[in-house]
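Undergrad: Sharing run-v4.cif here; it has mmCIF, C-alpha atoms.
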data_query
#
loop_
_atom_site.group_PDB
_atom_site.id
_atom_site.type_symbol
_atom_site.label_atom_id
_atom_site.label_comp_id
_atom_site.auth_asym_id
_atom_site.auth_seq_id
_atom_site.Cartn_x
_atom_site.Cartn_y
_atom_site.Cartn_z
ATOM 1 C CA MET M 787 0.000 0.000 0.000
ATOM 2 C CA PHE M 788 1.210 3.485 -0.880
ATOM 3 C CA GLN M 789 0.074 6.304 1.381
ATOM 4 C CA ILE M 790 -1.072 9.667 0.046
ATOM 5 C CA VAL M 791 0.867 12.210 2.086
ATOM 6 C CA GLN M 792 -0.456 15.320 0.364
ATOM 7 C CA LYS M 793 -3.409 16.172 -1.845
ATOM 8 C CA LYS M 794 -3.966 19.467 -3.627
ATOM 9 C CA ARG M 795 -6.756 20.539 -5.972
ATOM 10 C CA LEU M 796 -5.173 22.495 -8.800
ATOM 11 C CA ASN M 797 -8.480 23.459 -10.405
ATOM 12 C CA ASP M 798 -11.984 22.024 -10.699
ATOM 13 C CA SER M 799 -10.855 19.084 -12.804
ATOM 14 C CA MET M 800 -7.224 18.481 -11.833
ATOM 15 C CA THR M 801 -5.662 17.099 -8.668
ATOM 16 C CA GLN M 802 -2.085 16.711 -7.475
ATOM 17 C CA MET M 803 -1.112 13.923 -5.088
ATOM 18 C CA ARG M 804 2.164 13.248 -3.304
ATOM 19 C CA VAL M 805 2.588 9.550 -2.697
ATOM 20 C CA ALA M 806 5.047 7.765 -0.398
ATOM 21 C CA ALA M 807 6.900 5.492 -2.807
ATOM 22 C CA PRO M 808 10.608 5.478 -1.858
ATOM 23 C CA PHE M 809 11.721 2.791 -4.301
ATOM 24 C CA VAL M 810 10.090 4.619 -7.210
ATOM 25 C CA ALA M 811 11.470 8.000 -6.098
ATOM 26 C CA ARG M 812 14.972 6.547 -5.851
ATOM 27 C CA LYS M 813 15.229 5.926 -9.607
ATOM 28 C CA ALA M 814 12.606 8.209 -11.169
ATOM 29 C CA GLN M 815 13.643 10.523 -14.013
ATOM 30 C CA ALA M 816 11.884 13.094 -16.165
ATOM 31 C CA GLY M 817 9.662 11.531 -18.802
ATOM 32 C CA GLN M 818 8.955 8.304 -16.942
ATOM 33 C CA PHE M 819 5.613 7.117 -15.576
ATOM 34 C CA ILE M 820 4.028 4.836 -12.991
ATOM 35 C CA ILE M 821 1.170 2.352 -13.150
ATOM 36 C CA LEU M 822 -1.339 2.498 -10.324
ATOM 37 C CA ARG M 823 -4.380 0.564 -9.201
ATOM 38 C CA VAL M 824 -6.627 2.278 -6.673
ATOM 39 C CA ASN M 825 -8.013 -0.934 -5.157
ATOM 40 C CA GLU M 826 -8.245 -4.656 -5.864
ATOM 41 C CA TYR M 827 -11.254 -4.157 -8.136
ATOM 42 C CA GLY M 828 -9.798 -1.258 -10.094
ATOM 43 C CA GLU M 829 -8.163 -1.061 -13.489
ATOM 44 C CA ARG M 830 -4.488 -0.292 -13.993
ATOM 45 C CA ILE M 831 -3.733 3.146 -15.419
ATOM 46 C CA PRO M 832 -0.486 4.925 -16.316
ATOM 47 C CA LEU M 833 0.283 8.399 -14.956
ATOM 48 C CA THR M 834 3.400 10.420 -15.689
ATOM 49 C CA ILE M 835 5.696 11.283 -12.789
ATOM 50 C CA ALA M 836 5.217 15.016 -12.265
ATOM 51 C CA ASP M 837 7.958 15.344 -9.643
ATOM 52 C CA TYR M 838 9.906 13.303 -7.122
ATOM 53 C CA ASP M 839 11.885 13.709 -3.925
ATOM 54 C CA ARG M 840 14.605 11.090 -3.553
ATOM 55 C CA GLU M 841 15.444 12.006 0.044
ATOM 56 C CA GLY M 842 11.810 12.262 1.121
ATOM 57 C CA GLY M 843 10.871 9.115 -0.786
ATOM 58 C CA THR M 844 7.836 10.667 -2.463
ATOM 59 C CA VAL M 845 6.488 10.872 -6.003
ATOM 60 C CA ASP M 846 4.033 13.485 -7.287
ATOM 61 C CA ILE M 847 1.309 12.622 -9.769
ATOM 62 C CA ILE M 848 -1.154 15.011 -11.387
ATOM 63 C CA PHE M 849 -4.333 13.751 -12.987
ATOM 64 C CA GLN M 850 -7.405 15.089 -14.695
ATOM 65 C CA LYS M 851 -10.749 13.690 -13.596
ATOM 66 C CA VAL M 852 -11.950 12.417 -16.954
ATOM 67 C CA GLY M 853 -12.690 8.723 -16.437
ATOM 68 C CA LYS M 854 -13.902 6.230 -13.864
ATOM 69 C CA THR M 855 -10.486 5.468 -12.380
ATOM 70 C CA THR M 856 -9.356 9.072 -12.028
ATOM 71 C CA LEU M 857 -12.717 9.933 -10.454
ATOM 72 C CA LEU M 858 -12.237 7.041 -8.019
ATOM 73 C CA LEU M 859 -8.662 8.116 -7.291
ATOM 74 C CA ASP M 860 -9.891 11.612 -6.469
ATOM 75 C CA THR M 861 -12.147 10.231 -3.714
ATOM 76 C CA LEU M 862 -9.023 9.331 -1.721
ATOM 77 C CA GLU M 863 -7.701 11.833 0.785
ATOM 78 C CA GLU M 864 -4.460 12.426 2.675
ATOM 79 C CA GLY M 865 -3.744 9.394 4.835
ATOM 80 C CA ASP M 866 -5.533 7.014 2.479
ATOM 81 C CA ALA M 867 -3.522 4.548 0.430
ATOM 82 C CA ILE M 868 -3.281 3.407 -3.172
ATOM 83 C CA LEU M 869 -3.066 -0.362 -3.597
ATOM 84 C CA ASP M 870 -0.483 -0.523 -6.412
ATOM 85 C CA PHE M 871 2.020 2.138 -7.468
ATOM 86 C CA ILE M 872 4.640 0.636 -9.781
ATOM 87 C CA GLY M 873 7.556 2.280 -11.552
ATOM 88 C CA PRO M 874 9.442 4.076 -12.823
ATOM 89 C CA LEU M 875 8.474 2.798 -16.265
ATOM 90 C CA GLY M 876 9.241 3.969 -19.792
ATOM 91 C CA LYS M 877 12.422 5.476 -21.106
ATOM 92 C CA ALA M 878 13.693 8.588 -19.381
ATOM 93 C CA SER M 879 13.884 11.717 -21.525
ATOM 94 C CA GLU M 880 17.259 12.284 -23.192
ATOM 95 C CA LEU M 881 17.915 15.920 -22.340
ATOM 96 C CA GLU M 882 21.668 16.294 -21.951
ATOM 97 C CA GLY M 883 23.741 18.459 -24.256
ATOM 98 C CA TYR M 884 21.193 21.139 -25.155
ATOM 99 C CA ARG M 885 21.925 24.829 -24.680
ATOM 100 C CA TYR M 886 18.600 26.562 -25.291
ATOM 101 C CA ALA M 887 15.250 24.804 -25.170
ATOM 102 C CA ALA M 888 11.601 25.710 -25.452
ATOM 103 C CA VAL M 889 9.382 23.458 -23.358
ATOM 104 C CA ILE M 890 5.717 23.644 -24.307
ATOM 105 C CA GLY M 891 2.759 22.343 -22.316
ATOM 106 C CA GLY M 892 -0.894 22.355 -23.242
ATOM 107 C CA GLY M 893 -3.459 22.147 -20.449
ATOM 108 C CA ALA M 894 -2.972 18.956 -18.450
ATOM 109 C CA GLY M 895 0.200 18.392 -20.477
ATOM 110 C CA CYS M 896 1.881 21.074 -18.375
ATOM 111 C CA ALA M 897 2.064 18.537 -15.555
ATOM 112 C CA ILE M 898 4.384 16.491 -17.778
ATOM 113 C CA ALA M 899 6.176 19.386 -19.459
ATOM 114 C CA TYR M 900 7.122 20.859 -16.069
ATOM 115 C CA PRO M 901 9.517 18.036 -15.044
ATOM 116 C CA GLN M 902 11.118 18.212 -18.505
ATOM 117 C CA ALA M 903 11.776 21.928 -18.056
ATOM 118 C CA LYS M 904 13.044 21.336 -14.530
ATOM 119 C CA ALA M 905 15.474 18.658 -15.725
ATOM 120 C CA LEU M 906 16.785 20.783 -18.601
ATOM 121 C CA HIS M 907 17.254 23.756 -16.291
ATOM 122 C CA ALA M 908 19.161 21.595 -13.806
ATOM 123 C CA LEU M 909 21.452 20.460 -16.642
ATOM 124 C CA GLY M 910 22.357 24.080 -17.342
ATOM 125 C CA ALA M 911 20.243 24.776 -20.411
ATOM 126 C CA LYS M 912 18.448 28.059 -20.876
ATOM 127 C CA VAL M 913 14.745 27.244 -20.841
ATOM 128 C CA ASP M 914 11.771 29.154 -22.189
ATOM 129 C CA MET M 915 8.538 27.545 -21.039
ATOM 130 C CA ILE M 916 5.340 28.150 -22.978
ATOM 131 C CA ALA M 917 2.085 26.979 -21.392
ATOM 132 C CA GLY M 918 -1.363 27.124 -22.926
ATOM 133 C CA PHE M 919 -4.786 26.930 -21.290
ATOM 134 C CA ARG M 920 -8.377 27.632 -22.331
ATOM 135 C CA ASN M 921 -8.708 30.389 -19.713
ATOM 136 C CA GLN M 922 -6.994 31.779 -16.629
ATOM 137 C CA ASP M 923 -9.221 29.840 -14.191
ATOM 138 C CA ILE M 924 -7.638 26.516 -15.108
ATOM 139 C CA ILE M 925 -3.977 27.562 -15.104
ATOM 140 C CA ILE M 926 -1.888 25.147 -13.032
ATOM 141 C CA LEU M 927 1.693 25.026 -11.726
ATOM 142 C CA GLU M 928 2.459 28.653 -12.556
ATOM 143 C CA ASP M 929 4.956 29.100 -9.712
ATOM 144 C CA GLU M 930 6.597 25.744 -10.384
ATOM 145 C CA MET M 931 6.977 26.479 -14.098
ATOM 146 C CA LYS M 932 8.483 29.893 -13.341
ATOM 147 C CA ALA M 933 11.071 28.278 -11.073
ATOM 148 C CA ALA M 934 11.964 25.685 -13.720
ATOM 149 C CA SER M 935 12.543 28.164 -16.549
ATOM 150 C CA ASP M 936 14.290 31.383 -17.454
ATOM 151 C CA ASN M 937 11.150 32.773 -19.093
ATOM 152 C CA LEU M 938 7.525 31.646 -18.744
ATOM 153 C CA TYR M 939 4.941 32.551 -21.372
ATOM 154 C CA LEU M 940 1.351 31.820 -20.324
ATOM 155 C CA MET M 941 -1.175 31.824 -23.153
ATOM 156 C CA THR M 942 -4.958 31.493 -22.956
ATOM 157 C CA ASP M 943 -7.412 30.823 -25.772
ATOM 158 C CA ASP M 944 -9.724 33.614 -24.597
ATOM 159 C CA GLY M 945 -7.057 36.064 -23.446
ATOM 160 C CA SER M 946 -8.459 36.163 -19.911
ATOM 161 C CA ASN M 947 -4.949 36.350 -18.443
ATOM 162 C CA GLY M 948 -3.965 39.154 -20.807
ATOM 163 C CA HIS M 949 -2.100 36.945 -23.280
ATOM 164 C CA LYS M 950 -4.471 35.657 -25.936
ATOM 165 C CA GLY M 951 -3.350 33.040 -28.413
ATOM 166 C CA PHE M 952 -2.010 29.548 -28.826
ATOM 167 C CA VAL M 953 1.338 28.151 -27.737
ATOM 168 C CA THR M 954 2.420 28.155 -31.379
ATOM 169 C CA ASP M 955 1.870 31.922 -31.497
ATOM 170 C CA ALA M 956 4.316 32.458 -28.641
ATOM 171 C CA LEU M 957 6.783 29.958 -30.069
ATOM 172 C CA ARG M 958 6.812 31.549 -33.520
ATOM 173 C CA ARG M 959 7.140 35.013 -31.985
ATOM 174 C CA ASN M 960 10.175 33.924 -29.950
ATOM 175 C CA ILE M 961 11.842 32.253 -32.927
ATOM 176 C CA GLU M 962 11.284 35.273 -35.159
ATOM 177 C CA ALA M 963 12.642 37.497 -32.390
ATOM 178 C CA GLY M 964 15.911 35.569 -32.520
ATOM 179 C CA ALA M 965 15.591 32.697 -30.050
ATOM 180 C CA LYS M 966 18.112 30.065 -31.205
ATOM 181 C CA TYR M 967 16.459 26.958 -29.839
ATOM 182 C CA ASP M 968 18.316 23.702 -30.353
ATOM 183 C CA LEU M 969 15.447 21.727 -28.812
ATOM 184 C CA VAL M 970 11.693 22.033 -28.477
ATOM 185 C CA VAL M 971 9.743 19.730 -26.159
ATOM 186 C CA ALA M 972 5.971 19.684 -26.681
ATOM 187 C CA ILE M 973 3.504 17.846 -24.463
ATOM 188 C CA GLY M 974 -0.271 18.148 -24.537
ATOM 189 C CA PRO M 975 -3.260 17.337 -26.742
ATOM 190 C CA LEU M 976 -2.399 15.578 -29.994
ATOM 191 C CA PRO M 977 -3.556 18.489 -32.235
ATOM 192 C CA MET M 978 -1.379 20.894 -30.243
ATOM 193 C CA MET M 979 1.705 18.700 -30.533
ATOM 194 C CA LYS M 980 1.089 18.281 -34.261
ATOM 195 C CA ALA M 981 0.825 22.061 -34.706
ATOM 196 C CA VAL M 982 4.073 22.626 -32.802
ATOM 197 C CA CYS M 983 5.870 20.004 -34.907
ATOM 198 C CA ASN M 984 4.612 21.554 -38.132
ATOM 199 C CA LEU M 985 5.997 24.898 -36.979
ATOM 200 C CA THR M 986 9.396 23.659 -35.794
ATOM 201 C CA LYS M 987 9.842 21.649 -38.978
ATOM 202 C CA GLU M 988 9.806 24.948 -40.884
ATOM 203 C CA TYR M 989 12.825 26.081 -38.870
ATOM 204 C CA GLY M 990 14.619 22.729 -38.641
ATOM 205 C CA ILE M 991 14.459 22.587 -34.828
ATOM 206 C CA LYS M 992 14.639 19.166 -33.202
ATOM 207 C CA THR M 993 11.336 18.477 -31.477
ATOM 208 C CA ILE M 994 10.486 15.843 -28.887
ATOM 209 C CA ILE M 995 6.877 14.986 -28.089
ATOM 210 C CA SER M 996 5.391 12.668 -25.467
ATOM 211 C CA MET M 997 2.768 10.073 -26.364
ATOM 212 C CA ASN M 998 1.813 9.336 -22.746
ATOM 213 C CA SER M 999 -1.815 10.258 -23.430
ATOM 214 C CA ILE M 1000 -2.389 7.170 -25.597
ATOM 215 C CA MET M 1001 -0.941 4.648 -23.151
ATOM 216 C CA ILE M 1002 -3.246 2.090 -21.536
ATOM 217 C CA ASP M 1003 -1.673 -0.908 -19.782
ATOM 218 C CA GLY M 1004 1.866 0.488 -19.740
ATOM 219 C CA THR M 1005 3.612 -2.782 -20.625
ATOM 220 C CA GLY M 1006 3.264 -3.024 -24.405
ATOM 221 C CA MET M 1007 0.944 -6.019 -24.153
ATOM 222 C CA CYS M 1008 -2.356 -4.394 -25.153
ATOM 223 C CA GLY M 1009 -1.081 -2.634 -28.269
ATOM 224 C CA GLY M 1010 -3.303 0.361 -27.620
ATOM 225 C CA CYS M 1011 -0.387 2.776 -27.574
ATOM 226 C CA ARG M 1012 1.073 1.777 -30.928
ATOM 227 C CA VAL M 1013 2.206 4.686 -33.037
ATOM 228 C CA THR M 1014 3.892 4.940 -36.417
ATOM 229 C CA VAL M 1015 7.230 6.728 -36.123
ATOM 230 C CA GLY M 1016 9.291 7.132 -39.259
ATOM 231 C CA GLY M 1017 7.284 4.399 -40.948
ATOM 232 C CA GLU M 1018 7.878 1.898 -38.120
ATOM 233 C CA THR M 1019 5.413 0.727 -35.479
ATOM 234 C CA LYS M 1020 6.428 1.724 -31.962
ATOM 235 C CA PHE M 1021 4.735 1.368 -28.580
ATOM 236 C CA ALA M 1022 4.624 4.478 -26.403
ATOM 237 C CA CYS M 1023 4.940 2.647 -23.105
ATOM 238 C CA VAL M 1024 8.054 0.602 -23.923
ATOM 239 C CA ASP M 1025 9.706 2.469 -26.814
ATOM 240 C CA GLY M 1026 8.801 5.919 -25.457
ATOM 241 C CA PRO M 1027 6.856 7.793 -24.323
ATOM 242 C CA ASP M 1028 9.160 10.361 -26.002
ATOM 243 C CA PHE M 1029 9.549 10.371 -29.790
ATOM 244 C CA ASP M 1030 10.898 12.587 -32.550
ATOM 245 C CA GLY M 1031 7.816 14.674 -33.300
ATOM 246 C CA HIS M 1032 8.750 15.185 -36.933
ATOM 247 C CA LEU M 1033 8.508 11.424 -37.541
ATOM 248 C CA VAL M 1034 5.200 10.716 -35.771
ATOM 249 C CA ASP M 1035 2.070 9.997 -37.843
ATOM 250 C CA PHE M 1036 -0.275 12.248 -35.870
ATOM 251 C CA ASP M 1037 -3.257 11.772 -38.184
ATOM 252 C CA GLU M 1038 -3.232 8.011 -37.602
ATOM 253 C CA VAL M 1039 -2.956 8.396 -33.821
ATOM 254 C CA MET M 1040 -5.699 11.036 -33.594
ATOM 255 C CA LYS M 1041 -8.100 8.891 -35.590
ATOM 256 C CA ARG M 1042 -7.501 5.825 -33.446
ATOM 257 C CA SER M 1043 -7.607 7.736 -30.147
ATOM 258 C CA LYS M 1044 -11.328 8.396 -30.634
ATOM 259 C CA THR M 1045 -12.258 4.695 -30.880
ATOM 260 C CA TYR M 1046 -13.359 4.236 -27.268
ATOM 261 C CA ALA M 1047 -14.187 7.846 -26.407
ATOM 262 C CA GLU M 1048 -17.929 7.280 -25.972
ATOM 263 C CA MET M 1049 -17.413 4.122 -23.890
ATOM 264 C CA GLU M 1050 -15.063 6.032 -21.604
ATOM 265 C CA ARG M 1051 -17.576 8.865 -21.194
ATOM 266 C CA GLU M 1052 -20.367 6.406 -20.376
ATOM 267 C CA SER M 1053 -18.229 4.665 -17.752
ATOM 268 C CA ALA M 1054 -17.465 8.031 -16.125
ATOM 269 C CA ARG M 1055 -21.164 9.000 -16.165
ATOM 270 C CA GLU M 1056 -22.172 5.743 -14.469
ATOM 271 C CA PHE M 1057 -19.536 6.185 -11.785
ATOM 272 C CA ASN M 1058 -20.616 9.781 -11.117
ATOM 273 C CA CYS M 1059 -24.226 8.624 -10.780
ATOM 274 C CA ARG M 1060 -23.188 6.070 -8.162
ATOM 275 C CA LEU M 1061 -21.250 8.713 -6.247
ATOM 276 C CA MET M 1062 -24.277 11.019 -6.242
ATOM 277 C CA LYS M 1063 -26.571 8.266 -4.991
ATOM 278 C CA GLN M 1064 -24.147 7.403 -2.193
ATOM 279 C CA ALA M 1065 -23.973 11.069 -1.179
ATOM 280 C CA GLU M 1066 -27.783 11.239 -0.997
ATOM 281 C CA GLN M 1067 -28.078 8.200 1.293
#
Show me, as structure tokens, the structure contained in the file I just sent.
TA:
Amino acid sequence: MFQIVQKKRLNDSMTQMRVAAPFVARKAQAGQFIILRVNEYGERIPLTIADYDREGGTVDIIFQKVGKTTLLLDTLEEGDAILDFIGPLGKASELEGYRYAAVIGGGAGCAIAYPQAKALHALGAKVDMIAGFRNQDIIILEDEMKAASDNLYLMTDDGSNGHKGFVTDALRRNIEAGAKYDLVVAIGPLPMMKAVCNLTKEYGIKTIISMNSIMIDGTGMCGGCRVTVGGETKFACVDGPDFDGHLVDFDEVMKRSKTYAEMERESAREFNCRLMKQAEQ
């Protein structure tokens, strides 16, 4: 059992948990993930490691309440325990040797982009972090992202924070202003990552993306996270989750990612109905 030592609501749909998992914390690196199971009846889901404390023996996870398991996980409070918490899994991000990087996060993807920026900054690279959200009410990790970068650019779709536009707008503006990036890291919704890759390809800038969002069982056995990279079939959970964004077939992945969308929504609706009935009793 893995005790939850801290729980923090980042916004109405996102929660951060700090979990006592010393063996995972001991070897965790940016880009890796864990597999958890809330209880003996629950499904296994992968979640990216948002942060870790080797000395304290803790691992931070951040999740969006979008499905049955994340809704169930959110019912746990500080002092409660998660049944299974296994990792670190996946290949760690290869971030050494870069001088000037732009790290881009979109929405919930900022929880994964943040440790990448933190790792690059610790390695001595200059880091510009660009984060995009629908509006200012759902912005997360602003202080953490500021600390992990030299410059933080927060963009909102509606301009409610005073900076209207997409992450690609800020990225293009920086490049045209003379930013000599030798690496761009983009993590977020598939359409956002595709747009970033299309932009950086124009300028010949190496771009790494994370395919964590399509992972399911985290072991390569289910095949649900398969992705075509440079004409070859790869599996995000064992070959990634990081890949060269200019080689990823985004159109194929986006089409397949919608296959079970309605089933997932129905499962979440049923679980919410049960929670409401329990609260009424």
Undergrad: What does the distance between CA of Met978 in chain M and CA of Asp1035 in chain M come to in Å, to one decimal place?
TA: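 Between CA of Met978 in chain M and CA of Asp1035 in chain M the gap is 13.7 Å.
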Undergrad: Using only C-alpha atoms, which of the listed residues (M:Val852, M:Gly948, M:Val1013, M:Leu822) sits closest to Ala867 in chain M?
TA: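 Looking only at the distances to Ala867 in chain M, the closest residue turns out to be M:Leu822.
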Undergrad: Can you tell me which residues surround Met931 in chain M at a distance of at most 12 Å, considering all atoms listed in the file, apart from same-chain residues fewer than 4 positions away, and format the answer as a ChimeraX atom specification?
TA: /M:836,889-891,896-905,907,913-917,925-927,935-940
Undergrad: From the list M:Gln792, M:Ile1002, M:Thr986, M:Gly842, which residue is nearest Leu957 in chain M when using only C-alpha atoms?
TA: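 Between M:Gln792, M:Ile1002, M:Thr986, M:Gly842, the residue approaching Leu957 in chain M most closely is M:Thr986.
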Undergrad: Rounded to one decimal place, report the CA of Gly910 in chain M-CA of Ile973 in chain M distance in Å.
TA: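 That distance, rounded to one decimal, is 21.1 Å.
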Undergrad: List the residues matched by the PyMOL selection byres ((chain M and resi 1005) around 7) in the displayed structure as an mmCIF file with C-alpha atoms, keeping the file's coordinate frame, ordered by chain and then by residue number.
TA:
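Result file follows (expr14.cif):
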data_model
loop_
_atom_site.group_PDB
_atom_site.id
_atom_site.type_symbol
_atom_site.label_atom_id
_atom_site.label_comp_id
_atom_site.auth_asym_id
_atom_site.auth_seq_id
_atom_site.Cartn_x
_atom_site.Cartn_y
_atom_site.Cartn_z
ATOM 1 C CA ASP M 1003 -1.673 -0.908 -19.782
ATOM 2 C CA GLY M 1004 1.866 0.488 -19.740
ATOM 3 C CA GLY M 1006 3.264 -3.024 -24.405
ATOM 4 C CA MET M 1007 0.944 -6.019 -24.153
ATOM 5 C CA CYS M 1023 4.940 2.647 -23.105
ATOM 6 C CA VAL M 1024 8.054 0.602 -23.923
#
Undergrad: Evaluated on this file, the PyMOL selection byres ((chain M and resi 804) around 6) picks out some residues - which ones are they, written as a compact mmCIF listing (two decimals) with C-alpha atoms, keeping the file's coordinate frame?
TA:
# COMPACT_ATOMS: atom_id res chain seq x y z
CA ILE M 790 -1.07 9.67 0.05
CA VAL M 791 0.87 12.21 2.09
CA GLN M 792 -0.46 15.32 0.36
CA MET M 803 -1.11 13.92 -5.09
CA VAL M 805 2.59 9.55 -2.70
CA VAL M 845 6.49 10.87 -6.00
CA ASP M 846 4.03 13.48 -7.29
Undergrad: So which one's closest to Met941 in chain M, M:Asp968, M:Asp929, M:Asp1025, M:Asp955? Using all atoms listed in the file, please.
TA: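 Of all the options, M:Asp955 lies closest to Met941 in chain M.
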Undergrad: Given all atoms listed in the file as the basis, pick out the residue of M:Gly1010, M:Gly1026, M:Gly918, M:Gly843 nearest to Ser996 in chain M.
TA: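 So, comparing all the options, the nearest one is M:Gly1026.
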Undergrad: Hey, can you check how far CA of Phe871 in chain M sits from CA of Phe788 in chain M?
TA: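 Atom-to-atom, CA of Phe871 in chain M to CA of Phe788 in chain M, that is 6.8 Å.
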Undergrad: Could you write out as a list in words the residues that the PyMOL selection byres ((chain M and resi 816) around 6) matches in the shown file?
TA: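 Selection result, ordered by chain and number: Gln815, Gly817, Gln818, Ala878, Ser879, Pro901 and Gln902 of chain M.
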Undergrad: Which residues are close to Ala1022 in chain M, i.e. within 7 Å by only C-alpha atoms, leaving aside same-chain residues fewer than 5 positions away? Reply as a ChimeraX atom specification.
TA: /M:997-998,1001,1011-1012,1027
Undergrad: For Glu882 in chain M, which of M:Leu909, M:Glu826, M:Lys794, M:Leu859 is the closest residue, counting only C-alpha atoms?
TA: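 With only C-alpha atoms as the atom set, the closest residue is M:Leu909.
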Undergrad: Given all atoms listed in the file as the basis, pick out the residue of M:Thr954, M:Ser999, M:Ser799, M:Gln850 nearest to Cys983 in chain M.
TA: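 Nearest to Cys983 in chain M: M:Thr954.
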